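Here is the file protein_2.pdb (PDB, C-alpha atoms, pLDDT in the B column).
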MODEL        1
ATOM      1  CA  ALA T   1      -5.161 -21.953   4.408  1.00 53.00           C
ATOM      2  CA  SER T   2      -4.567 -23.048   7.960  1.00 69.00           C
ATOM      3  CA  ALA T   3      -7.111 -22.308  10.678  1.00 72.00           C
ATOM      4  CA  ALA T   4      -4.690 -19.761  12.170  1.00 76.00           C
ATOM      5  CA  VAL T   5      -4.645 -17.812   8.900  1.00 82.00           C
ATOM      6  CA  GLU T   6      -8.431 -17.902   8.601  1.00 85.00           C
ATOM      7  CA  ARG T   7      -8.745 -16.547  12.120  1.00 90.00           C
ATOM      8  CA  SER T   8      -5.804 -14.139  11.933  1.00 95.00           C
ATOM      9  CA  ARG T   9      -6.166 -10.969  13.964  1.00 96.00           C
ATOM     10  CA  TYR T  10      -4.848  -8.837  11.078  1.00 98.00           C
ATOM     11  CA  LEU T  11      -5.191  -8.619   7.309  1.00 98.00           C
ATOM     12  CA  ALA T  12      -2.711  -6.817   5.052  1.00 98.00           C
ATOM     13  CA  PHE T  13      -3.269  -5.099   1.698  1.00 98.00           C
ATOM     14  CA  PHE T  14      -0.643  -3.893  -0.815  1.00 95.00           C
ATOM     15  CA  ASP T  15      -1.047  -1.233  -3.435  1.00 93.00           C
ATOM     16  CA  GLU T  16       1.599   0.653  -5.375  1.00 90.00           C
ATOM     17  CA  CYS T  17       2.074   4.037  -6.940  1.00 90.00           C
ATOM     18  CA  GLY T  18       4.445   4.840  -9.789  1.00 89.00           C
ATOM     19  CA  ASP T  19       5.922   2.114 -11.963  1.00 85.00           C
ATOM     20  CA  HIS T  20       8.805  -0.091 -10.906  1.00 84.00           C
ATOM     21  CA  SER T  21      10.728  -0.046 -14.189  1.00 86.00           C
ATOM     22  CA  LEU T  22      14.309   1.224 -14.112  1.00 90.00           C
ATOM     23  CA  LYS T  23      14.465   1.413 -17.918  1.00 89.00           C
ATOM     24  CA  ASN T  24      12.472   4.534 -18.730  1.00 85.00           C
ATOM     25  CA  ILE T  25      12.258   6.600 -15.569  1.00 91.00           C
ATOM     26  CA  ASP T  26       9.596   9.295 -15.648  1.00 91.00           C
ATOM     27  CA  GLN T  27      11.552  12.402 -14.617  1.00 91.00           C
ATOM     28  CA  ASP T  28       8.389  14.026 -13.255  1.00 90.00           C
ATOM     29  CA  PHE T  29       7.664  11.011 -11.055  1.00 93.00           C
ATOM     30  CA  PRO T  30      10.932   9.121 -10.458  1.00 95.00           C
ATOM     31  CA  VAL T  31       9.642   7.236  -7.421  1.00 95.00           C
ATOM     32  CA  PHE T  32       8.044   3.862  -6.759  1.00 95.00           C
ATOM     33  CA  VAL T  33       5.898   3.589  -3.626  1.00 96.00           C
ATOM     34  CA  LEU T  34       4.543   0.431  -2.049  1.00 96.00           C
ATOM     35  CA  ALA T  35       1.768   1.209   0.435  1.00 97.00           C
ATOM     36  CA  THR T  36       0.730  -1.513   2.862  1.00 97.00           C
ATOM     37  CA  ILE T  37      -2.092  -1.338   5.327  1.00 98.00           C
ATOM     38  CA  VAL T  38      -2.353  -3.780   8.197  1.00 98.00           C
ATOM     39  CA  ILE T  39      -5.821  -3.727   9.694  1.00 98.00           C
ATOM     40  CA  GLU T  40      -7.591  -5.813  12.311  1.00 98.00           C
ATOM     41  CA  ARG T  41      -9.923  -8.284  10.644  1.00 97.00           C
ATOM     42  CA  GLU T  42     -12.776  -7.204  12.921  1.00 97.00           C
ATOM     43  CA  VAL T  43     -12.255  -3.518  12.115  1.00 98.00           C
ATOM     44  CA  TYR T  44     -12.112  -4.372   8.412  1.00 98.00           C
ATOM     45  CA  VAL T  45     -15.416  -6.265   8.435  1.00 97.00           C
ATOM     46  CA  GLU T  46     -17.334  -4.067  10.869  1.00 97.00           C
ATOM     47  CA  GLN T  47     -15.992  -0.633   9.975  1.00 98.00           C
ATOM     48  CA  ALA T  48     -13.912  -0.329   6.790  1.00 98.00           C
ATOM     49  CA  VAL T  49     -16.132  -2.300   4.393  1.00 97.00           C
ATOM     50  CA  PRO T  50     -19.411  -0.618   5.504  1.00 97.00           C
ATOM     51  CA  ALA T  51     -17.809   2.864   5.509  1.00 97.00           C
ATOM     52  CA  PHE T  52     -16.609   2.478   1.915  1.00 97.00           C
ATOM     53  CA  ALA T  53     -19.998   1.085   0.863  1.00 97.00           C
ATOM     54  CA  ALA T  54     -21.828   4.017   2.488  1.00 96.00           C
ATOM     55  CA  LEU T  55     -19.631   6.588   0.709  1.00 96.00           C
ATOM     56  CA  LYS T  56     -20.143   4.840  -2.631  1.00 96.00           C
ATOM     57  CA  VAL T  57     -23.913   4.526  -2.268  1.00 96.00           C
ATOM     58  CA  ALA T  58     -24.068   8.225  -1.320  1.00 93.00           C
ATOM     59  CA  SER T  59     -22.045   9.165  -4.417  1.00 93.00           C
ATOM     60  CA  TRP T  60     -23.309   6.676  -7.052  1.00 95.00           C
ATOM     61  CA  ASN T  61     -26.401   4.977  -5.532  1.00 95.00           C
ATOM     62  CA  HIS T  62     -24.540   1.644  -5.514  1.00 96.00           C
ATOM     63  CA  GLU T  63     -21.260   0.239  -4.215  1.00 94.00           C
ATOM     64  CA  GLY T  64     -19.865  -1.019  -7.533  1.00 94.00           C
ATOM     65  CA  VAL T  65     -17.175   1.635  -7.980  1.00 95.00           C
ATOM     66  CA  ASN T  66     -13.498   1.430  -7.106  1.00 94.00           C
ATOM     67  CA  ILE T  67     -12.251   4.382  -5.086  1.00 93.00           C
ATOM     68  CA  HIS T  68      -9.134   5.164  -7.112  1.00 89.00           C
ATOM     69  CA  ASN T  69      -6.826   8.065  -6.372  1.00 91.00           C
ATOM     70  CA  ARG T  70      -5.767   8.626  -9.979  1.00 91.00           C
ATOM     71  CA  GLU T  71      -9.343   8.995 -11.255  1.00 93.00           C
ATOM     72  CA  ILE T  72     -10.241  11.214  -8.318  1.00 94.00           C
ATOM     73  CA  ARG T  73      -7.322  13.532  -9.152  1.00 93.00           C
ATOM     74  CA  LYS T  74      -8.195  13.588 -12.845  1.00 94.00           C
ATOM     75  CA  ALA T  75     -11.973  13.742 -12.254  1.00 95.00           C
ATOM     76  CA  SER T  76     -12.319  11.039 -14.901  1.00 94.00           C
ATOM     77  CA  GLY T  77     -14.427   7.914 -15.410  1.00 94.00           C
ATOM     78  CA  ASP T  78     -16.789   7.293 -12.494  1.00 94.00           C
ATOM     79  CA  PHE T  79     -15.374  10.432 -10.884  1.00 96.00           C
ATOM     80  CA  SER T  80     -16.174  12.882 -13.688  1.00 95.00           C
ATOM     81  CA  PHE T  81     -18.796  14.444 -11.366  1.00 95.00           C
ATOM     82  CA  LEU T  82     -15.811  15.934  -9.477  1.00 96.00           C
ATOM     83  CA  GLN T  83     -15.463  18.465 -12.303  1.00 96.00           C
ATOM     84  CA  ASN T  84     -18.377  20.133 -10.517  1.00 95.00           C
ATOM     85  CA  ALA T  85     -16.730  22.290  -7.821  1.00 94.00           C
ATOM     86  CA  THR T  86     -19.612  21.920  -5.345  1.00 94.00           C
ATOM     87  CA  ARG T  87     -19.636  18.150  -5.537  1.00 94.00           C
ATOM     88  CA  ARG T  88     -15.838  18.052  -5.384  1.00 93.00           C
ATOM     89  CA  ALA T  89     -15.882  20.214  -2.253  1.00 94.00           C
ATOM     90  CA  ALA T  90     -18.192  17.677  -0.592  1.00 94.00           C
ATOM     91  CA  PHE T  91     -16.561  14.477  -1.836  1.00 95.00           C
ATOM     92  CA  LEU T  92     -12.867  15.093  -1.068  1.00 93.00           C
ATOM     93  CA  PRO T  93     -13.365  15.791   2.665  1.00 93.00           C
ATOM     94  CA  ALA T  94     -15.614  12.703   2.846  1.00 95.00           C
ATOM     95  CA  VAL T  95     -12.734  10.596   1.470  1.00 94.00           C
ATOM     96  CA  SER T  96     -10.282  12.168   3.937  1.00 94.00           C
ATOM     97  CA  ALA T  97     -12.692  11.483   6.807  1.00 94.00           C
ATOM     98  CA  LEU T  98     -12.990   7.878   5.641  1.00 94.00           C
ATOM     99  CA  VAL T  99      -9.219   7.392   5.885  1.00 95.00           C
ATOM    100  CA  GLU T 100      -9.007   9.213   9.229  1.00 95.00           C
ATOM    101  CA  ASP T 101     -11.846   7.305  10.897  1.00 96.00           C
ATOM    102  CA  ILE T 102     -10.668   3.777  10.126  1.00 97.00           C
ATOM    103  CA  PRO T 103      -7.935   2.501  12.469  1.00 97.00           C
ATOM    104  CA  PHE T 104      -5.061   0.750  10.656  1.00 98.00           C
ATOM    105  CA  HIS T 105      -1.268   0.622  10.537  1.00 98.00           C
ATOM    106  CA  LEU T 106       0.369   2.072   7.454  1.00 98.00           C
ATOM    107  CA  PHE T 107       3.737   1.115   5.962  1.00 98.00           C
ATOM    108  CA  ILE T 108       5.093   3.281   3.141  1.00 98.00           C
ATOM    109  CA  THR T 109       8.215   2.115   1.353  1.00 97.00           C
ATOM    110  CA  ALA T 110       9.554   4.274  -1.447  1.00 96.00           C
ATOM    111  CA  VAL T 111      12.417   3.772  -3.875  1.00 96.00           C
ATOM    112  CA  ARG T 112      13.790   6.890  -5.561  1.00 95.00           C
ATOM    113  CA  LYS T 113      14.478   5.170  -8.849  1.00 95.00           C
ATOM    114  CA  ASP T 114      16.837   7.740 -10.346  1.00 93.00           C
ATOM    115  CA  GLN T 115      19.089   7.762  -7.251  1.00 94.00           C
ATOM    116  CA  HIS T 116      18.850   3.980  -6.900  1.00 95.00           C
ATOM    117  CA  LEU T 117      19.986   3.482 -10.502  1.00 93.00           C
ATOM    118  CA  LYS T 118      22.768   6.045 -10.159  1.00 93.00           C
ATOM    119  CA  ARG T 119      24.089   4.294  -7.074  1.00 94.00           C
ATOM    120  CA  TYR T 120      23.809   0.643  -8.171  1.00 93.00           C
ATOM    121  CA  GLY T 121      23.735   0.799 -11.984  1.00 91.00           C
ATOM    122  CA  ALA T 122      23.408  -2.582 -13.682  1.00 87.00           C
ATOM    123  CA  VAL T 123      23.132  -4.454 -10.364  1.00 90.00           C
ATOM    124  CA  ALA T 124      20.256  -2.308  -9.045  1.00 90.00           C
ATOM    125  CA  ASP T 125      17.458  -4.439  -7.559  1.00 90.00           C
ATOM    126  CA  ASN T 126      13.934  -4.290  -8.955  1.00 90.00           C
ATOM    127  CA  PRO T 127      12.247  -1.458  -6.990  1.00 92.00           C
ATOM    128  CA  TYR T 128       9.116  -3.526  -6.256  1.00 90.00           C
ATOM    129  CA  GLN T 129      11.146  -6.413  -4.840  1.00 90.00           C
ATOM    130  CA  LEU T 130      13.275  -4.023  -2.836  1.00 93.00           C
ATOM    131  CA  ALA T 131      10.218  -2.252  -1.440  1.00 94.00           C
ATOM    132  CA  LEU T 132       8.690  -5.612  -0.597  1.00 94.00           C
ATOM    133  CA  LYS T 133      11.781  -6.608   1.382  1.00 95.00           C
ATOM    134  CA  PHE T 134      11.858  -3.363   3.389  1.00 96.00           C
ATOM    135  CA  THR T 135       8.119  -3.597   4.043  1.00 96.00           C
ATOM    136  CA  MET T 136       8.241  -7.175   5.295  1.00 96.00           C
ATOM    137  CA  GLU T 137      11.128  -6.327   7.656  1.00 96.00           C
ATOM    138  CA  ARG T 138       8.815  -3.831   9.317  1.00 96.00           C
ATOM    139  CA  ILE T 139       5.722  -6.031   9.268  1.00 96.00           C
ATOM    140  CA  VAL T 140       7.665  -8.772  11.079  1.00 96.00           C
ATOM    141  CA  HIS T 141       8.201  -6.249  13.829  1.00 95.00           C
ATOM    142  CA  LEU T 142       4.480  -5.482  14.099  1.00 96.00           C
ATOM    143  CA  LEU T 143       3.571  -9.188  14.223  1.00 96.00           C
ATOM    144  CA  GLU T 144       6.235  -9.990  16.819  1.00 95.00           C
ATOM    145  CA  SER T 145       5.277  -7.070  19.013  1.00 95.00           C
ATOM    146  CA  THR T 146       1.615  -8.187  19.022  1.00 95.00           C
ATOM    147  CA  GLY T 147       2.395 -11.903  19.358  1.00 95.00           C
ATOM    148  CA  GLU T 148       0.722 -12.757  16.043  1.00 96.00           C
ATOM    149  CA  THR T 149       2.120 -15.297  13.576  1.00 95.00           C
ATOM    150  CA  ALA T 150      -0.480 -15.299  10.776  1.00 96.00           C
ATOM    151  CA  LEU T 151      -1.093 -12.516   8.271  1.00 97.00           C
ATOM    152  CA  PRO T 152      -2.929 -13.052   4.980  1.00 97.00           C
ATOM    153  CA  ILE T 153      -1.730 -10.511   2.385  1.00 97.00           C
ATOM    154  CA  ILE T 154      -3.853  -9.313  -0.524  1.00 97.00           C
ATOM    155  CA  ALA T 155      -2.013  -7.505  -3.324  1.00 94.00           C
ATOM    156  CA  GLU T 156      -3.427  -5.792  -6.366  1.00 90.00           C
ATOM    157  CA  ALA T 157      -2.776  -7.969  -9.421  1.00 90.00           C
ATOM    158  CA  ARG T 158      -0.959  -6.387 -12.341  1.00 86.00           C
ATOM    159  CA  GLY T 159      -0.238  -9.146 -14.832  1.00 88.00           C
ATOM    160  CA  ALA T 160       0.410 -12.884 -14.694  1.00 89.00           C
ATOM    161  CA  ASN T 161       4.185 -12.579 -15.169  1.00 89.00           C
ATOM    162  CA  GLU T 162       4.636  -9.657 -12.809  1.00 87.00           C
ATOM    163  CA  ASP T 163       2.523 -11.360 -10.173  1.00 91.00           C
ATOM    164  CA  LYS T 164       4.562 -14.577 -10.488  1.00 92.00           C
ATOM    165  CA  GLU T 165       7.822 -12.624 -10.112  1.00 88.00           C
ATOM    166  CA  LEU T 166       6.507 -10.774  -7.114  1.00 89.00           C
ATOM    167  CA  GLU T 167       5.217 -13.947  -5.494  1.00 93.00           C
ATOM    168  CA  ALA T 168       8.632 -15.566  -5.998  1.00 92.00           C
ATOM    169  CA  ALA T 169      10.384 -12.512  -4.505  1.00 91.00           C
ATOM    170  CA  PHE T 170       7.947 -12.535  -1.582  1.00 94.00           C
ATOM    171  CA  TYR T 171       8.527 -16.214  -0.792  1.00 94.00           C
ATOM    172  CA  ARG T 172      12.310 -15.710  -1.113  1.00 94.00           C
ATOM    173  CA  VAL T 173      12.104 -13.163   1.680  1.00 94.00           C
ATOM    174  CA  MET T 174       9.857 -15.434   3.776  1.00 96.00           C
ATOM    175  CA  THR T 175      12.209 -18.418   3.241  1.00 96.00           C
ATOM    176  CA  HIS T 176      15.676 -16.858   3.317  1.00 96.00           C
ATOM    177  CA  GLY T 177      15.176 -13.663   5.321  1.00 96.00           C
ATOM    178  CA  THR T 178      16.956 -10.392   4.540  1.00 94.00           C
ATOM    179  CA  ASP T 179      20.220  -8.709   5.482  1.00 92.00           C
ATOM    180  CA  PHE T 180      18.554  -7.373   8.629  1.00 93.00           C
ATOM    181  CA  VAL T 181      16.013 -10.026   9.571  1.00 95.00           C
ATOM    182  CA  PRO T 182      17.175 -13.653   9.678  1.00 96.00           C
ATOM    183  CA  ALA T 183      15.151 -16.415   8.035  1.00 96.00           C
ATOM    184  CA  SER T 184      14.278 -17.901  11.443  1.00 96.00           C
ATOM    185  CA  ARG T 185      12.066 -14.891  12.233  1.00 96.00           C
ATOM    186  CA  PHE T 186      10.190 -15.097   8.929  1.00 96.00           C
ATOM    187  CA  ASN T 187       9.883 -18.881   9.102  1.00 95.00           C
ATOM    188  CA  ARG T 188       7.702 -18.648  12.202  1.00 95.00           C
ATOM    189  CA  LEU T 189       5.121 -16.669  10.246  1.00 95.00           C
ATOM    190  CA  SER T 190       2.320 -17.765   7.975  1.00 95.00           C
ATOM    191  CA  CYS T 191       1.702 -15.046   5.367  1.00 95.00           C
ATOM    192  CA  PRO T 192      -0.071 -16.391   2.294  1.00 95.00           C
ATOM    193  CA  ILE T 193      -0.166 -13.813  -0.524  1.00 95.00           C
ATOM    194  CA  THR T 194      -3.123 -13.531  -2.915  1.00 95.00           C
ATOM    195  CA  PHE T 195      -3.414 -11.354  -6.019  1.00 94.00           C
ATOM    196  CA  ARG T 196      -6.784  -9.818  -6.888  1.00 93.00           C
ATOM    197  CA  ARG T 197      -7.802  -7.671  -9.836  1.00 90.00           C
ATOM    198  CA  LYS T 198      -8.981  -4.095  -9.437  1.00 85.00           C
ATOM    199  CA  TYR T 199     -12.507  -5.030 -10.548  1.00 85.00           C
ATOM    200  CA  ASP T 200     -12.808  -7.349  -7.543  1.00 92.00           C
ATOM    201  CA  ASN T 201     -13.472  -4.072  -5.726  1.00 94.00           C
ATOM    202  CA  ILE T 202     -11.540  -4.888  -2.555  1.00 96.00           C
ATOM    203  CA  VAL T 203     -11.786  -2.204   0.123  1.00 97.00           C
ATOM    204  CA  GLY T 204      -8.330  -2.904   1.589  1.00 97.00           C
ATOM    205  CA  THR T 205      -6.432  -2.259  -1.645  1.00 96.00           C
ATOM    206  CA  GLN T 206      -8.529   0.882  -2.224  1.00 96.00           C
ATOM    207  CA  LEU T 207      -7.586   2.135   1.242  1.00 97.00           C
ATOM    208  CA  ALA T 208      -3.910   1.434   0.468  1.00 96.00           C
ATOM    209  CA  ASP T 209      -4.340   3.261  -2.864  1.00 95.00           C
ATOM    210  CA  LEU T 210      -5.638   6.353  -1.033  1.00 95.00           C
ATOM    211  CA  CYS T 211      -2.435   6.368   1.060  1.00 96.00           C
ATOM    212  CA  ALA T 212       0.063   5.672  -1.729  1.00 96.00           C
ATOM    213  CA  HIS T 213      -0.148   8.749  -3.950  1.00 94.00           C
ATOM    214  CA  PRO T 214      -0.211  11.420  -1.196  1.00 95.00           C
ATOM    215  CA  SER T 215       2.878   9.714   0.276  1.00 97.00           C
ATOM    216  CA  ALA T 216       4.649   9.704  -3.101  1.00 95.00           C
ATOM    217  CA  ARG T 217       3.877  13.410  -3.507  1.00 95.00           C
ATOM    218  CA  LYS T 218       5.209  14.114  -0.020  1.00 96.00           C
ATOM    219  CA  ILE T 219       8.508  12.480  -1.000  1.00 96.00           C
ATOM    220  CA  LEU T 220       8.776  14.239  -4.372  1.00 95.00           C
ATOM    221  CA  PHE T 221       7.454  17.658  -3.301  1.00 94.00           C
ATOM    222  CA  PRO T 222       8.002  17.884   0.461  1.00 94.00           C
ATOM    223  CA  ASN T 223       7.159  21.601   0.595  1.00 94.00           C
ATOM    224  CA  LYS T 224       4.014  21.629  -1.525  1.00 93.00           C
ATOM    225  CA  PRO T 225       0.672  21.668   0.297  1.00 90.00           C
ATOM    226  CA  ASN T 226      -0.625  18.121   0.558  1.00 91.00           C
ATOM    227  CA  ILE T 227      -3.955  17.965   2.369  1.00 89.00           C
ATOM    228  CA  ALA T 228      -4.444  14.260   1.630  1.00 91.00           C
ATOM    229  CA  PHE T 229      -1.160  13.396   3.361  1.00 94.00           C
ATOM    230  CA  ASN T 230      -2.403  15.027   6.572  1.00 93.00           C
ATOM    231  CA  SER T 231      -5.044  12.273   6.818  1.00 93.00           C
ATOM    232  CA  VAL T 232      -2.510   9.562   6.032  1.00 95.00           C
ATOM    233  CA  GLN T 233       0.462  10.578   8.195  1.00 96.00           C
ATOM    234  CA  PRO T 234      -1.031   9.684  11.620  1.00 96.00           C
ATOM    235  CA  LYS T 235      -1.563   6.105  10.395  1.00 97.00           C
ATOM    236  CA  LEU T 236       2.156   5.457   9.842  1.00 98.00           C
ATOM    237  CA  TYR T 237       3.445   2.617  11.995  1.00 97.00           C
ATOM    238  CA  GLN T 238       5.689   3.837  14.800  1.00 96.00           C
ATOM    239  CA  LYS T 239       6.780   1.544  17.607  1.00 94.00           C
ATOM    240  CA  ASN T 240       9.974   0.945  19.611  1.00 88.00           C
ATOM    241  CA  GLY T 241      12.045   2.989  17.174  1.00 92.00           C
ATOM    242  CA  ILE T 242      10.671   1.172  14.118  1.00 93.00           C
ATOM    243  CA  SER T 243       9.049   3.465  11.575  1.00 96.00           C
ATOM    244  CA  GLY T 244       6.607   2.497   8.841  1.00 97.00           C
ATOM    245  CA  TRP T 245       8.096   5.231   6.630  1.00 97.00           C
ATOM    246  CA  LYS T 246      11.115   4.194   4.544  1.00 97.00           C
ATOM    247  CA  VAL T 247      12.602   6.092   1.620  1.00 97.00           C
ATOM    248  CA  PHE T 248      15.530   4.504  -0.228  1.00 95.00           C
ATOM    249  CA  PRO T 249      18.242   5.381  -0.983  1.00 91.00           C
TER     250      PRO T 249
ENDMDL
END
Using the file provided, produce a representation of the structure as structure tokens.
Amino acid sequence: ASAAVERSRYLAFFDECGDHSLKNIDQDFPVFVLATIVIEREVYVEQAVPAFAALKVASWNHEGVNIHNREIRKASGDFSFLQNATRRAAFLPAVSALVEDIPFHLFITAVRKDQHLKRYGAVADNPYQLALKFTMERIVHLLESTGETALPIIAEARGANEDKELEAAFYRVMTHGTDFVPASRFNRLSCPITFRRKYDNIVGTQLADLCAHPSARKILFPNKPNIAFNSVQPKLYQKNGISGWKVFP
């Protein structure tokens, strides 16, 4: 990594919700969401990492647990203590406060898979690659508006083949640009992407995970109460008419 990347002002973390397959679409959850958080390196080190550690030590007496939305919702695994209503009533607001207190920019890109497939059929793009493209178009805007050119990106690993495909799709965007952002704007940036497993216990991907599912629910069930989304919504990137919230099609 170049010195600029090692000293970058921001770090970015990807996490996704829903699967990106167009073959067997889950009719109860026909959406793929890519959540990206862009956070200042200093805030990450001095605030986010210690805040997550403090919550974990308070809940488990150590910091070796991944904060994972799915297990929280199901009160399973490390989160089975949430079956106890009293403990649940204390833990959930603590998680919301965690998200609210940490300053970061949030980008949510969602692909409604059923509508996408209906519209494009056999030529429909892979939802993950599509979401990646839309997300990077917006991140370019953030970097340009802050005068930054370096942004290390950490994505949650899923499998060797999927990660390779995603990396290739990512570098295609960075090399060739998109329909809306020419290659010249991406070429000025240095955005190395790294894939890390869940058990690496990375705070940034856990923070992105906490934003992904409430956003997916907001898209699927806009009128249902969604307390978690209330903590997430103020973090959405919004600048000069560019919004961090994108639902396609």
Practice task
For each of T:Tyr44, T:Phe134, T:Phe91, T:Phe170, take the minimum atom-to-atom distance to Thr109 of chain T, counting all atoms listed in the file, then give the residue where this is smallest.
Solution key: T:Phe134
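Applied to the file shown here, the PyMOL selection byres ((chain T and resi 12) around 7) selects Tyr10, Leu11, Phe13, Phe14, Thr36, Ile37, Val38, Ile39, Leu151, Pro152, Ile153 and Ile154 of chain T.
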Completion exercise
One residue among T:Ile108, T:Val173, T:Val247, T:Ala94 is nearest to Asp15 of chain T when using all atoms listed in the file, and that residue is T:Ile108
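Nearest residue to Phe79 of chain T, choosing from T:Met136, T:Lys56, T:Leu98, T:Arg196 and counting all atoms listed in the file: T:Lys56.
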Practice task
Point out the residue among T:Ala122, T:Val99, T:Leu142, T:Ala150 with the least atom-to-atom distance to Phe229 of chain T, counting only C-alpha atoms.
Solution key: T:Val99
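Using all atoms listed in the file, the residues found no farther than 7 Å from Glu16 of chain T, other than those of its own chain fewer than 3 positions away, are Val33, Leu34, Ala35, Asp209 and Ala212 of chain T.
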Starting from the block above, write segment 79-101 of chain T out to a file with C-alpha atoms, as a PDB file, in the first residue's frame, please.
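Once written, out19.pdb looks like this:
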ATOM      1  CA  PHE T  79     -27.128 -13.539  21.627  1.00  0.00           C
ATOM      2  CA  SER T  80     -29.379 -16.196  23.168  1.00  0.00           C
ATOM      3  CA  PHE T  81     -29.433 -14.076  26.364  1.00  0.00           C
ATOM      4  CA  LEU T  82     -31.750 -11.724  24.416  1.00  0.00           C
ATOM      5  CA  GLN T  83     -34.544 -14.258  24.949  1.00  0.00           C
ATOM      6  CA  ASN T  84     -34.643 -12.695  28.414  1.00  0.00           C
ATOM      7  CA  ALA T  85     -36.919  -9.645  28.015  1.00  0.00           C
ATOM      8  CA  THR T  86     -35.098  -7.572  30.653  1.00  0.00           C
ATOM      9  CA  ARG T  87     -31.701  -8.090  29.091  1.00  0.00           C
ATOM     10  CA  ARG T  88     -33.132  -7.496  25.620  1.00  0.00           C
ATOM     11  CA  ALA T  89     -34.671  -4.216  26.786  1.00  0.00           C
ATOM     12  CA  ALA T  90     -31.225  -3.069  27.945  1.00  0.00           C
ATOM     13  CA  PHE T  91     -29.150  -4.381  25.044  1.00  0.00           C
ATOM     14  CA  LEU T  92     -31.106  -3.129  22.008  1.00  0.00           C
ATOM     15  CA  PRO T  93     -31.058   0.565  23.022  1.00  0.00           C
ATOM     16  CA  ALA T  94     -27.328   0.209  23.787  1.00  0.00           C
ATOM     17  CA  VAL T  95     -26.765  -0.992  20.201  1.00  0.00           C
ATOM     18  CA  SER T  96     -28.866   1.877  18.811  1.00  0.00           C
ATOM     19  CA  ALA T  97     -26.902   4.369  20.919  1.00  0.00           C
ATOM     20  CA  LEU T  98     -23.667   2.868  19.604  1.00  0.00           C
ATOM     21  CA  VAL T  99     -24.725   3.517  16.002  1.00  0.00           C
ATOM     22  CA  GLU T 100     -26.031   7.007  16.811  1.00  0.00           C
ATOM     23  CA  ASP T 101     -22.940   8.154  18.711  1.00  0.00           C
TER      24      ASP T 101
END
